[in-house]
Each structure stands twice: as C-alpha cells, then as structure tokens.
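Printed here is work-v7.pdb (PDB, C-alpha atoms, pLDDT in the B column):
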ATOM      1  CA  MET A   1     125.723 110.252  91.604  1.00 49.00           C
ATOM      2  CA  LYS A   2     124.531 110.734  88.031  1.00 50.00           C
ATOM      3  CA  ARG A   3     121.105 112.310  87.617  1.00 52.00           C
ATOM      4  CA  ASN A   4     119.889 109.437  85.414  1.00 58.00           C
ATOM      5  CA  SER A   5     120.756 106.904  88.118  1.00 63.00           C
ATOM      6  CA  VAL A   6     118.447 108.521  90.688  1.00 67.00           C
ATOM      7  CA  PRO A   7     115.144 107.098  89.329  1.00 78.00           C
ATOM      8  CA  VAL A   8     116.722 103.628  89.107  1.00 86.00           C
ATOM      9  CA  LEU A   9     117.814 103.855  92.738  1.00 89.00           C
ATOM     10  CA  TRP A  10     114.353 105.006  93.790  1.00 90.00           C
ATOM     11  CA  MET A  11     112.811 102.127  91.856  1.00 94.00           C
ATOM     12  CA  GLY A  12     114.997  99.628  93.687  1.00 94.00           C
ATOM     13  CA  VAL A  13     114.207 101.103  97.086  1.00 96.00           C
ATOM     14  CA  ALA A  14     110.471 101.300  96.360  1.00 97.00           C
ATOM     15  CA  PHE A  15     110.384  97.689  95.180  1.00 97.00           C
ATOM     16  CA  GLY A  16     112.393  96.562  98.201  1.00 97.00           C
ATOM     17  CA  VAL A  17     110.048  98.299 100.644  1.00 97.00           C
ATOM     18  CA  ALA A  18     106.976  96.790  98.944  1.00 97.00           C
ATOM     19  CA  LEU A  19     108.527  93.328  99.020  1.00 97.00           C
ATOM     20  CA  ALA A  20     109.502  93.719 102.679  1.00 97.00           C
ATOM     21  CA  LEU A  21     105.977  94.822 103.598  1.00 97.00           C
ATOM     22  CA  ALA A  22     104.480  91.792 101.848  1.00 97.00           C
ATOM     23  CA  VAL A  23     106.949  89.401 103.471  1.00 97.00           C
ATOM     24  CA  VAL A  24     106.306  90.823 106.952  1.00 97.00           C
ATOM     25  CA  VAL A  25     102.530  90.513 106.563  1.00 95.00           C
ATOM     26  CA  LEU A  26     102.682  86.974 105.205  1.00 96.00           C
ATOM     27  CA  ALA A  27     105.219  85.879 107.809  1.00 95.00           C
ATOM     28  CA  ALA A  28     103.006  87.219 110.598  1.00 93.00           C
ATOM     29  CA  GLU A  29      99.607  86.213 109.236  1.00 89.00           C
ATOM     30  CA  GLY A  30     100.284  83.121 107.131  1.00 89.00           C
ATOM     31  CA  THR A  31      99.759  82.525 103.436  1.00 88.00           C
ATOM     32  CA  ASP A  32      96.044  81.860 103.182  1.00 91.00           C
ATOM     33  CA  THR A  33      93.764  83.985 101.012  1.00 92.00           C
ATOM     34  CA  LYS A  34      92.851  86.317 103.885  1.00 91.00           C
ATOM     35  CA  SER A  35      96.511  87.029 104.640  1.00 93.00           C
ATOM     36  CA  ILE A  36      97.266  87.663 100.989  1.00 95.00           C
ATOM     37  CA  GLY A  37      94.335  90.093 100.994  1.00 92.00           C
ATOM     38  CA  VAL A  38      95.950  91.992 103.884  1.00 92.00           C
ATOM     39  CA  ALA A  39      99.262  92.061 102.017  1.00 95.00           C
ATOM     40  CA  LEU A  40      97.436  93.412  98.977  1.00 95.00           C
ATOM     41  CA  GLN A  41      95.960  96.229 101.066  1.00 92.00           C
ATOM     42  CA  VAL A  42      99.338  97.147 102.536  1.00 94.00           C
ATOM     43  CA  THR A  43     101.236  97.101  99.238  1.00 96.00           C
ATOM     44  CA  ALA A  44      98.443  99.022  97.495  1.00 95.00           C
ATOM     45  CA  ARG A  45      98.792 101.821 100.028  1.00 95.00           C
ATOM     46  CA  TRP A  46     102.563 101.962  99.657  1.00 96.00           C
ATOM     47  CA  SER A  47     102.172 102.110  95.866  1.00 97.00           C
ATOM     48  CA  PHE A  48      99.541 104.809  96.200  1.00 97.00           C
ATOM     49  CA  LEU A  49     101.758 107.025  98.367  1.00 96.00           C
ATOM     50  CA  LEU A  50     104.421 106.971  95.647  1.00 97.00           C
ATOM     51  CA  PHE A  51     101.856 107.541  92.910  1.00 97.00           C
ATOM     52  CA  TRP A  52     100.297 110.414  94.867  1.00 97.00           C
ATOM     53  CA  LEU A  53     103.668 112.145  95.102  1.00 95.00           C
ATOM     54  CA  ALA A  54     104.143 111.676  91.350  1.00 95.00           C
ATOM     55  CA  TYR A  55     100.671 113.087  90.690  1.00 96.00           C
ATOM     56  CA  ALA A  56     100.477 115.933  93.214  1.00 95.00           C
ATOM     57  CA  GLY A  57     104.014 116.515  94.494  1.00 92.00           C
ATOM     58  CA  GLY A  58     104.716 119.338  92.060  1.00 91.00           C
ATOM     59  CA  ALA A  59     101.389 120.968  92.890  1.00 92.00           C
ATOM     60  CA  MET A  60     102.189 120.772  96.608  1.00 91.00           C
ATOM     61  CA  ALA A  61     105.512 122.527  95.993  1.00 89.00           C
ATOM     62  CA  THR A  62     103.760 125.285  94.033  1.00 88.00           C
ATOM     63  CA  LEU A  63     101.048 125.830  96.617  1.00 90.00           C
ATOM     64  CA  PHE A  64     102.983 125.489  99.869  1.00 88.00           C
ATOM     65  CA  GLY A  65     106.330 127.013  99.083  1.00 80.00           C
ATOM     66  CA  PRO A  66     109.998 126.318  99.796  1.00 77.00           C
ATOM     67  CA  ALA A  67     109.414 123.699 102.470  1.00 79.00           C
ATOM     68  CA  LEU A  68     108.130 121.311  99.785  1.00 83.00           C
ATOM     69  CA  ALA A  69     110.435 122.510  97.004  1.00 80.00           C
ATOM     70  CA  PRO A  70     112.299 119.147  96.899  1.00 81.00           C
ATOM     71  CA  LEU A  71     109.108 117.574  95.485  1.00 82.00           C
ATOM     72  CA  ALA A  72     109.172 119.824  92.418  1.00 79.00           C
ATOM     73  CA  GLY A  73     110.573 118.220  89.300  1.00 81.00           C
ATOM     74  CA  ARG A  74     110.620 114.708  90.737  1.00 88.00           C
ATOM     75  CA  GLY A  75     107.362 113.461  89.263  1.00 89.00           C
ATOM     76  CA  ARG A  76     109.151 111.039  86.920  1.00 90.00           C
ATOM     77  CA  ALA A  77     111.250 109.558  89.743  1.00 92.00           C
ATOM     78  CA  PHE A  78     108.197 109.064  91.961  1.00 95.00           C
ATOM     79  CA  GLY A  79     106.230 107.638  89.036  1.00 95.00           C
ATOM     80  CA  LEU A  80     108.914 105.071  88.242  1.00 95.00           C
ATOM     81  CA  ALA A  81     109.212 104.202  91.924  1.00 96.00           C
ATOM     82  CA  PHE A  82     105.444 103.609  91.967  1.00 97.00           C
ATOM     83  CA  ALA A  83     105.668 101.347  88.912  1.00 97.00           C
ATOM     84  CA  ALA A  84     108.453  99.313  90.553  1.00 97.00           C
ATOM     85  CA  ALA A  85     106.666  98.999  93.892  1.00 97.00           C
ATOM     86  CA  HIS A  86     103.415  97.999  92.229  1.00 97.00           C
ATOM     87  CA  LEU A  87     105.064  94.909  90.750  1.00 97.00           C
ATOM     88  CA  VAL A  88     104.868  93.323  94.206  1.00 97.00           C
ATOM     89  CA  HIS A  89     101.147  94.085  94.411  1.00 97.00           C
ATOM     90  CA  ILE A  90     100.587  92.577  90.970  1.00 97.00           C
ATOM     91  CA  GLY A  91     102.539  89.490  91.992  1.00 96.00           C
ATOM     92  CA  LEU A  92     100.241  89.043  94.989  1.00 96.00           C
ATOM     93  CA  VAL A  93      97.187  89.359  92.733  1.00 95.00           C
ATOM     94  CA  VAL A  94      98.579  86.616  90.469  1.00 94.00           C
ATOM     95  CA  TRP A  95      99.281  84.425  93.503  1.00 94.00           C
ATOM     96  CA  LEU A  96      95.743  84.917  94.788  1.00 93.00           C
ATOM     97  CA  TYR A  97      94.391  84.054  91.336  1.00 92.00           C
ATOM     98  CA  ARG A  98      96.352  80.793  91.305  1.00 91.00           C
ATOM     99  CA  ILE A  99      95.033  79.837  94.749  1.00 91.00           C
ATOM    100  CA  LEU A 100      91.411  80.680  93.947  1.00 88.00           C
ATOM    101  CA  ASN A 101      91.653  79.437  90.349  1.00 86.00           C
ATOM    102  CA  GLN A 102      89.475  82.378  89.376  1.00 86.00           C
ATOM    103  CA  LEU A 103      89.688  86.152  89.184  1.00 84.00           C
ATOM    104  CA  PRO A 104      89.739  87.698  92.685  1.00 82.00           C
ATOM    105  CA  LEU A 105      87.277  90.363  91.487  1.00 82.00           C
ATOM    106  CA  PRO A 106      84.316  90.282  89.079  1.00 84.00           C
ATOM    107  CA  GLY A 107      85.324  90.348  85.422  1.00 84.00           C
ATOM    108  CA  PRO A 108      84.424  93.996  84.584  1.00 91.00           C
ATOM    109  CA  LEU A 109      86.126  95.281  87.734  1.00 92.00           C
ATOM    110  CA  SER A 110      89.216  93.172  87.052  1.00 92.00           C
ATOM    111  CA  ALA A 111      89.344  94.628  83.533  1.00 94.00           C
ATOM    112  CA  PHE A 112      89.008  98.150  84.950  1.00 95.00           C
ATOM    113  CA  PHE A 113      92.009  97.670  87.240  1.00 95.00           C
ATOM    114  CA  ALA A 114      93.962  95.842  84.523  1.00 95.00           C
ATOM    115  CA  ILE A 115      93.675  98.909  82.286  1.00 96.00           C
ATOM    116  CA  GLY A 116      95.195 100.939  85.116  1.00 96.00           C
ATOM    117  CA  VAL A 117      98.119  98.506  85.193  1.00 97.00           C
ATOM    118  CA  VAL A 118      98.573  98.906  81.440  1.00 97.00           C
ATOM    119  CA  TRP A 119      98.655 102.689  81.824  1.00 97.00           C
ATOM    120  CA  THR A 120     101.186 102.393  84.653  1.00 97.00           C
ATOM    121  CA  TYR A 121     103.755 100.478  82.639  1.00 96.00           C
ATOM    122  CA  LEU A 122     103.038 102.255  79.361  1.00 95.00           C
ATOM    123  CA  LEU A 123     103.861 105.593  80.967  1.00 95.00           C
ATOM    124  CA  ALA A 124     106.899 104.090  82.693  1.00 94.00           C
ATOM    125  CA  ALA A 125     108.199 102.639  79.427  1.00 92.00           C
ATOM    126  CA  LEU A 126     107.670 105.877  77.527  1.00 91.00           C
ATOM    127  CA  SER A 127     109.649 107.821  80.142  1.00 87.00           C
ATOM    128  CA  PHE A 128     112.845 105.921  79.279  1.00 82.00           C
ATOM    129  CA  GLY A 129     115.219 106.487  76.386  1.00 70.00           C
ATOM    130  CA  GLY A 130     113.643 109.672  75.120  1.00 74.00           C
ATOM    131  CA  LEU A 131     110.565 107.876  73.816  1.00 79.00           C
ATOM    132  CA  SER A 132     108.340 110.660  75.110  1.00 77.00           C
ATOM    133  CA  LYS A 133     110.293 113.108  72.915  1.00 81.00           C
ATOM    134  CA  VAL A 134     109.559 110.960  69.865  1.00 83.00           C
ATOM    135  CA  LEU A 135     105.842 111.344  70.571  1.00 85.00           C
ATOM    136  CA  GLY A 136     106.160 115.106  70.776  1.00 87.00           C
ATOM    137  CA  PRO A 137     105.311 117.289  73.786  1.00 85.00           C
ATOM    138  CA  ARG A 138     101.607 117.652  73.003  1.00 90.00           C
ATOM    139  CA  LEU A 139     100.877 113.921  72.587  1.00 92.00           C
ATOM    140  CA  TRP A 140     103.051 113.050  75.572  1.00 91.00           C
ATOM    141  CA  ARG A 141     101.224 115.546  77.795  1.00 91.00           C
ATOM    142  CA  TRP A 142      97.875 114.147  76.621  1.00 94.00           C
ATOM    143  CA  LEU A 143      98.913 110.540  77.273  1.00 94.00           C
ATOM    144  CA  ARG A 144     100.324 111.438  80.661  1.00 94.00           C
ATOM    145  CA  PHE A 145      97.174 113.362  81.621  1.00 95.00           C
ATOM    146  CA  VAL A 146      94.836 110.534  80.627  1.00 97.00           C
ATOM    147  CA  GLY A 147      97.012 107.794  82.100  1.00 97.00           C
ATOM    148  CA  MET A 148      97.697 109.479  85.427  1.00 97.00           C
ATOM    149  CA  ASN A 149      94.056 110.356  85.946  1.00 97.00           C
ATOM    150  CA  TYR A 150      92.939 106.852  85.036  1.00 98.00           C
ATOM    151  CA  ILE A 151      95.354 105.392  87.593  1.00 98.00           C
ATOM    152  CA  LEU A 152      94.092 107.870  90.195  1.00 97.00           C
ATOM    153  CA  LEU A 153      90.517 106.853  89.377  1.00 96.00           C
ATOM    154  CA  ALA A 154      91.441 103.187  89.851  1.00 96.00           C
ATOM    155  CA  PHE A 155      92.846 103.901  93.301  1.00 95.00           C
ATOM    156  CA  ALA A 156      89.804 106.023  94.172  1.00 94.00           C
ATOM    157  CA  ARG A 157      87.550 103.185  93.023  1.00 91.00           C
ATOM    158  CA  ASP A 158      89.238 101.000  95.625  1.00 88.00           C
ATOM    159  CA  PHE A 159      89.398 103.451  98.527  1.00 88.00           C
ATOM    160  CA  VAL A 160      86.237 105.560  98.314  1.00 83.00           C
ATOM    161  CA  PRO A 161      83.520 102.844  97.971  1.00 78.00           C
ATOM    162  CA  SER A 162      85.290 100.798 100.649  1.00 67.00           C
ATOM    163  CA  LEU A 163      85.112 103.782 102.991  1.00 64.00           C
ATOM    164  CA  ILE A 164      81.387 104.187 102.292  1.00 64.00           C
ATOM    165  CA  HIS A 165      80.854 100.472 102.912  1.00 59.00           C
ATOM    166  CA  LEU A 166      82.518 100.789 106.310  1.00 54.00           C
ATOM    167  CA  GLY A 167      79.552 102.828 107.485  1.00 51.00           C
ATOM    168  CA  THR A 168      77.230  99.857 107.005  1.00 44.00           C
ATOM    169  CA  VAL A 169      79.313  97.257 108.833  1.00 47.00           C
ATOM    170  CA  HIS A 170      81.058  97.039 112.173  1.00 49.00           C
ATOM    171  CA  GLN A 171      84.747  97.827 111.713  1.00 55.00           C
ATOM    172  CA  GLY A 172      87.484  99.064 114.001  1.00 57.00           C
ATOM    173  CA  LEU A 173      88.461 102.730 114.099  1.00 60.00           C
ATOM    174  CA  TRP A 174      91.937 102.000 112.767  1.00 60.00           C
ATOM    175  CA  HIS A 175      90.485 100.167 109.775  1.00 64.00           C
ATOM    176  CA  ALA A 176      88.155 103.060 109.037  1.00 66.00           C
ATOM    177  CA  MET A 177      90.947 105.618 109.343  1.00 69.00           C
ATOM    178  CA  ALA A 178      93.100 103.660 106.909  1.00 72.00           C
ATOM    179  CA  TYR A 179      90.412 104.041 104.263  1.00 78.00           C
ATOM    180  CA  LEU A 180      89.533 107.609 105.222  1.00 84.00           C
ATOM    181  CA  LEU A 181      93.073 108.904 104.759  1.00 87.00           C
ATOM    182  CA  PHE A 182      93.597 107.338 101.343  1.00 91.00           C
ATOM    183  CA  ALA A 183      90.113 108.197 100.109  1.00 90.00           C
ATOM    184  CA  ALA A 184      90.713 111.817 101.118  1.00 91.00           C
ATOM    185  CA  MET A 185      94.054 111.823  99.303  1.00 94.00           C
ATOM    186  CA  SER A 186      92.386 110.417  96.184  1.00 94.00           C
ATOM    187  CA  VAL A 187      89.909 113.289  96.146  1.00 93.00           C
ATOM    188  CA  ALA A 188      92.449 115.946  97.134  1.00 95.00           C
ATOM    189  CA  ALA A 189      95.015 115.155  94.420  1.00 95.00           C
ATOM    190  CA  PRO A 190      93.177 116.639  91.392  1.00 95.00           C
ATOM    191  CA  VAL A 191      92.012 119.592  93.499  1.00 96.00           C
ATOM    192  CA  LEU A 192      95.617 120.397  94.398  1.00 95.00           C
ATOM    193  CA  VAL A 193      96.755 120.107  90.788  1.00 94.00           C
ATOM    194  CA  PHE A 194      93.935 122.365  89.604  1.00 94.00           C
ATOM    195  CA  ALA A 195      94.722 124.933  92.304  1.00 94.00           C
ATOM    196  CA  ALA A 196      98.437 124.895  91.457  1.00 91.00           C
ATOM    197  CA  THR A 197      97.717 125.310  87.742  1.00 90.00           C
ATOM    198  CA  ALA A 198      95.420 128.235  88.459  1.00 90.00           C
ATOM    199  CA  ARG A 199      98.036 129.840  90.701  1.00 85.00           C
ATOM    200  CA  ARG A 200     100.768 129.537  88.081  1.00 81.00           C
ATOM    201  CA  ARG A 201      98.552 131.026  85.384  1.00 80.00           C
ATOM    202  CA  TRP A 202      97.442 133.836  87.683  1.00 77.00           C
ATOM    203  CA  GLY A 203     101.066 134.554  88.513  1.00 63.00           C
ATOM    204  CA  MET A 204     101.964 134.752  84.829  1.00 54.00           C
ATOM    205  CA  ARG A 205      99.169 137.266  84.266  1.00 52.00           C
ATOM    206  CA  GLN A 206     100.513 139.421  87.080  1.00 53.00           C
ATOM    207  CA  VAL A 207     103.979 139.702  85.537  1.00 43.00           C
ATOM    208  CA  PRO A 208     104.384 143.228  84.084  1.00 47.00           C
ATOM    209  CA  ALA A 209     104.751 143.408  80.325  1.00 46.00           C
TER     210      ALA A 209
END
Re-express the file's structure as structure tokens.
Amino acid sequence: MKRNSVPVLWMGVAFGVALALAVVVLAAEGTDTKSIGVALQVTARWSFLLFWLAYAGGAMATLFGPALAPLAGRGRAFGLAFAAAHLVHIGLVVWLYRILNQLPLPGPLSAFFAIGVVWTYLLAALSFGGLSKVLGPRLWRWLRFVGMNYILLAFARDFVPSLIHLGTVHQGLWHAMAYLLFAAMSVAAPVLVFAATARRRWGMRQVPA
C-alpha cells in the first residue's frame, strides 16, 4: 500500500465509524431532537479521540517509549481522520438546525464552535498537495499551532463546563464518567505536549559536543 493512500484509508474508516455510530443511535432512540442530541454527543467523542491522537500522539510516543512508537509521525493521518469523522457531526448539527429552525446554541457560542470547524478544514486542506510547503515551515507551524489549540479549546469548552454542571444536577454515574474522561483528556493534551517538548530539548542539551 502506498504511503499517500494511508491517510485516505483512515479518513474513510473514520467517517464510516462516525456514520455507523449516528445510525445506531438514531435507529435505537428515534429521530427527535433529543435523540439527535445523543448522536451529537457520541460522534463528538469519536471525533475527539481522533483529534486527541493527532494532537498528543507524538508526545505520548516521546514520553512513554517504544510501546507507543506507532503513534509517532502519524499526526497528519489522525488529523485527516478527525476531519472526515467530524463531517457526520456537522451534518447532525445542520439537521438539528433544520428541525428547530434556529441555531441549536446561542449565537456567540455557535460562532465560537464554527471557527473551530473552519480551522479543522483549513488545516486539512493545507495538508494536501504540498500546500503547507508553499506557506513555508515557519508559517505552517504557526498556523498548525494556533489551529490545533483552538480546536482543543473548542472541545474543552464542551466537555469541561458540562462536567462542572453535572455537580449541580442529578445525573447517572456513567453520564458523569463520560464527561470526566474527555474533560481530563482535554486538559492533559497540552501538558503532554509541553512535557514531550521539554524532554526532547533536554535530551538535545545532553548530547556531547
């Protein structure tokens, strides 16, 4: 299999899993607004797992050694898989909008998440056809840093406040754990990247001249 075909395969699989998850939820729960909300939660978490691997997979490989070595160098593939999977989530948002005939979230919050969507597909588009090379390594690294961290912030904005809100209302343990895990991952991702960067730089300083 050609190396360039791997991200495309991952994109297809990621999209297929997201679509299957949405179909299963809607087939089991129905197609009312509440059921679509559940499907949105499920597909958001699947998208986030792929994004998290794109964001922190390389750092995990650096920090935890050979066992996670397969994650190193696959940030682009995971990122494109995330972008493909997230199309299903966006489709559900559009469907919910058509049913409600209004934005599912308040205007400013909808705009905040919409900017995250723009970053997602801007970065995905720039990763094809050598467009990132046209920008130059410095500008590409800056765009990727800003875009990836904005997307992470958008996910954290969904998971962390929802976890805090769970403490004020009666919810099941499973529901609370679903938010706890993803909120913790949102916070852990930049910490892991920072720690991996520090380790690499420290290692370079230890190399004898």
The PyMOL selection byres ((chain A and resi 143) around 12) applied to the shown file, residues as a list in words: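 On the file shown, the PyMOL selection byres ((chain A and resi 143) around 12) covers Trp119, Thr120, Leu122, Leu123, Ala124, Leu126, Ser127, Ser132, Leu135, Gly136, Pro137, Arg138, Leu139, Trp140, Arg141, Trp142, Arg144, Phe145, Val146, Gly147, Met148, Asn149 and Tyr150 of chain A.
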Hits from the PyMOL selection byres ((chain A and resi 196) around 10), listed as a PyMOL selection string: chain A and resi 56+58-64+190-195+197-202
Residue with smallest distance to Leu80 (chain A) - pool A:Phe15, A:Phe159, A:Tyr97, A:Phe112, counting all atoms listed in the file: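 For Leu80 (chain A), the nearest of the candidates is A:Phe15.
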Closest of A:Phe155, A:Phe128, A:Phe82, A:Phe182 to Trp10 (chain A) - atom-to-atom distances counting all atoms listed in the file: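 Closest to Trp10 (chain A) of all the choices is A:Phe82.
Those residues returned by the PyMOL selection byres ((chain A and resi 21-34) around 10) for this file are Phe15, Gly16, Val17, Ala18, Leu19, Ala20, Ser35, Ile36, Gly37, Val38, Ala39, Leu40, Gln41, Val42, Thr43, Trp46, Val88, His89, Leu92, Trp95, Leu96, Tyr97, Ile99, Leu100 and Pro104 of chain A.
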